[in-house]
Every structure is written in C-alpha cells, then in structure tokens.
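Take a look at the structure set out below.
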Amino acid sequence: MKISYSILTFFIVSVFVTSCTNNPGFDEVPEIEFIGFTKSVMDQGDLNTDSLFMTFSFRDGDGDLGSGMGNIRENIIITDTRTGDVYDFFKIPDIPNPGVQNGLEGEITIKLFTTCCIFPDSIPPCQSPPQFPTNEINFDIILKDDAGNESEAIRTPAITLNCN
C-alpha cells in the first residue's frame, strides 16, 4: 500500500474563506462535511499512476486553521478504512488574514493518489488476480485546528479500485 507523507500532494484548488467581523456562532471544534470526488474509479498502483480530487467543506469557530500560530504538523488526516492505517496527511498552508477569534469556513480540495488493491488468502497487494477484479476503498477524514481541536471523523463514499 502506498502512503505518501509528502505535503507536495496537497492542493487547495478552491478555498473560499470567510473571515467574519463578528463571531458567526460556529463551534471552536472544526466541523467538516464531505462534498465529493472528481471520479469514482481509479486504477490500482503504487507509483502514483492514478489520482482523483476530494473536496470537503469546513467551519472553525475560533478561526485558527492555517493561522501559522499552532505547532500542528498535520491538519488533515486521511485513513484507509480497509486497514485503519493513515493513508495520507496534509498541513494547511498559512491563510492570509485568518479568521482567528472570528470564525472561518471554506472548502478544501485535495489530490489523492491511488493505492494497491488488498486481497484475501494472502495474495500480495498490487497483484492482478482474475478472481478479484476490483476493490473498494473508503476514507475517514479528520481536520485538526491549530489549537489541537479535532473534528469528528467523516467517512467518504466508496471508490472502486480496478485491480487488473
């Protein structure tokens, strides 16, 4: 299974950030909601042979995401639900004029690279056994603000991995 620890694979394609002058009443613990994938099928591989974009929205009441004021190394943690292992993680870059103390909301789009299919019966990953042409993978996503507050985990819909 491929696990990329590179921050370079993190893209904020579209960030709509609202910094309010008055606290909008958001919770200090980040809230996230899955929006979608750019596609529902990827070809398996262990060398970044395929990818998709995943988008989710966020809200943070104290606005300390990307403020650069915390010591958080990973703001976004993505887990492969097949194994429970961290699939990838990302650091939100500094957001100019963050909404610290005023709340912050927006959308984050991340590029995720493919991984290997996982098989029963001790078949090694990334093989192409004819009896297992596809695999399904879901992700759990957690967002952590600079104060260390973690959102509830959200689970994505399944992505189909073509194993052949």
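Naming scheme: A, B, ... for chains in displayed order of the structure tokens; residues 1 onward per chain; ligands 1 onward as shown.
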
Within 10 Å of A:Asn149, counting only C-alpha atoms, which residues show up once you throw out same-chain ones fewer than 3 positions away? Write them as a ChimeraX atom specification, please.
/A:28-30,60,64,75,143-146,152

Just C-alpha atoms for this one: save the residues we selected as a CSV table (one decimal), in the first residue's frame.
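Written out: part.csv:
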```csv
chain,number,residue,atom,x,y,z
A,28,GLU,CA,-14.5,26.0,18.3
A,29,VAL,CA,-14.1,22.3,17.3
A,30,PRO,CA,-13.8,22.2,13.5
A,60,ASP,CA,-14.0,26.6,12.6
A,64,ASP,CA,-7.3,29.0,13.8
A,75,ASN,CA,-4.2,19.4,9.9
A,143,LEU,CA,-9.5,18.0,10.5
A,144,LYS,CA,-7.4,19.5,13.3
A,145,ASP,CA,-7.1,23.2,14.0
A,146,ASP,CA,-4.0,24.9,15.3
A,152,GLU,CA,-15.5,14.3,14.2
```

Could you list, as a VMD selection string, every residue within 9 Å of A:Ile76, counting only C-alpha atoms and ignoring same-chain residues fewer than 4 positions away?
chain A and resid 88 to 92 141 to 144

Selection from above, C-alpha atoms, as a PDB file, in the first residue's frame, can you write it?
```pdb
ATOM      1  CA  ASP A  88      -2.097  10.455   3.770  1.00  0.00           C
ATOM      2  CA  PHE A  89      -1.914  13.652   5.778  1.00  0.00           C
ATOM      3  CA  PHE A  90      -1.572  17.311   4.955  1.00  0.00           C
ATOM      4  CA  LYS A  91      -0.619  20.616   6.533  1.00  0.00           C
ATOM      5  CA  ILE A  92      -2.872  23.528   5.695  1.00  0.00           C
ATOM      6  CA  ILE A 141     -11.135  12.301   7.282  1.00  0.00           C
ATOM      7  CA  ILE A 142     -10.282  14.331  10.388  1.00  0.00           C
ATOM      8  CA  LEU A 143      -9.471  18.049  10.471  1.00  0.00           C
ATOM      9  CA  LYS A 144      -7.377  19.450  13.320  1.00  0.00           C
TER      10      LYS A 144
END
```

A:Ser51: which residues within 12 Å, counting only C-alpha atoms, same-chain residues fewer than 5 positions away excluded, as a PDB file with C-alpha atoms, in the first residue's frame?
```
ATOM      1  CA  THR A   9       0.484  16.385  -2.936  1.00  0.00           C
ATOM      2  CA  PHE A  37     -14.776  13.130  -5.551  1.00  0.00           C
ATOM      3  CA  THR A  38     -13.925  14.048  -9.139  1.00  0.00           C
ATOM      4  CA  LYS A  39     -14.341  10.402 -10.108  1.00  0.00           C
ATOM      5  CA  SER A  40     -15.467   7.139  -8.557  1.00  0.00           C
ATOM      6  CA  VAL A  41     -12.966   4.678 -10.100  1.00  0.00           C
ATOM      7  CA  MET A  42      -9.157   4.564 -10.028  1.00  0.00           C
ATOM      8  CA  ASP A  43      -6.644   2.068 -11.344  1.00  0.00           C
ATOM      9  CA  GLN A  44      -4.542   0.496  -8.619  1.00  0.00           C
ATOM     10  CA  GLY A  45      -0.859   1.256  -8.466  1.00  0.00           C
ATOM     11  CA  ASP A  46       1.977   2.002  -6.111  1.00  0.00           C
ATOM     12  CA  ILE A 110      -7.003  17.549  -2.019  1.00  0.00           C
ATOM     13  CA  LYS A 111      -5.346  15.429  -4.670  1.00  0.00           C
ATOM     14  CA  LEU A 112      -5.212  11.782  -3.590  1.00  0.00           C
ATOM     15  CA  PHE A 113      -3.062   9.283  -5.433  1.00  0.00           C
ATOM     16  CA  THR A 114      -4.084   5.680  -5.981  1.00  0.00           C
ATOM     17  CA  THR A 115      -3.063   2.747  -3.858  1.00  0.00           C
ATOM     18  CA  ILE A 159     -14.082   4.451  -4.529  1.00  0.00           C
ATOM     19  CA  LEU A 161     -10.050   0.348  -7.454  1.00  0.00           C
TER      20      LEU A 161
END
```

In Å, how far is it from atom CA of A:Asp85 to atom CA of A:Pro129?
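Taking atom CA of A:Asp85 and atom CA of A:Pro129, their separation equals 23.6 Å.
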
As a check of understanding: the span from atom CA of A:Thr49 to atom CA of A:Asn135 is 16.3 Å

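Between atom CA of A:Ile118 and atom CA of A:Leu52 lies a distance of 19.2 Å.
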
Hey, which of A:Asp94, A:Asn102, A:Cys163, A:Ile108 ends up closest to A:Ser128? Count only C-alpha atoms.
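Nearest candidate to A:Ser128 out of A:Asp94, A:Asn102, A:Cys163, A:Ile108: A:Cys163.
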
Which residue of A:Ala153, A:Cys116, A:Pro130, A:Asp62 approaches A:Asp50 most closely, using only C-alpha atoms:
A:Cys116

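The nearest approach to A:Cys126 among the residues A:Thr81, A:Asn162, A:Thr156, A:Thr55, with only C-alpha atoms taken into account, belongs to A:Asn162.
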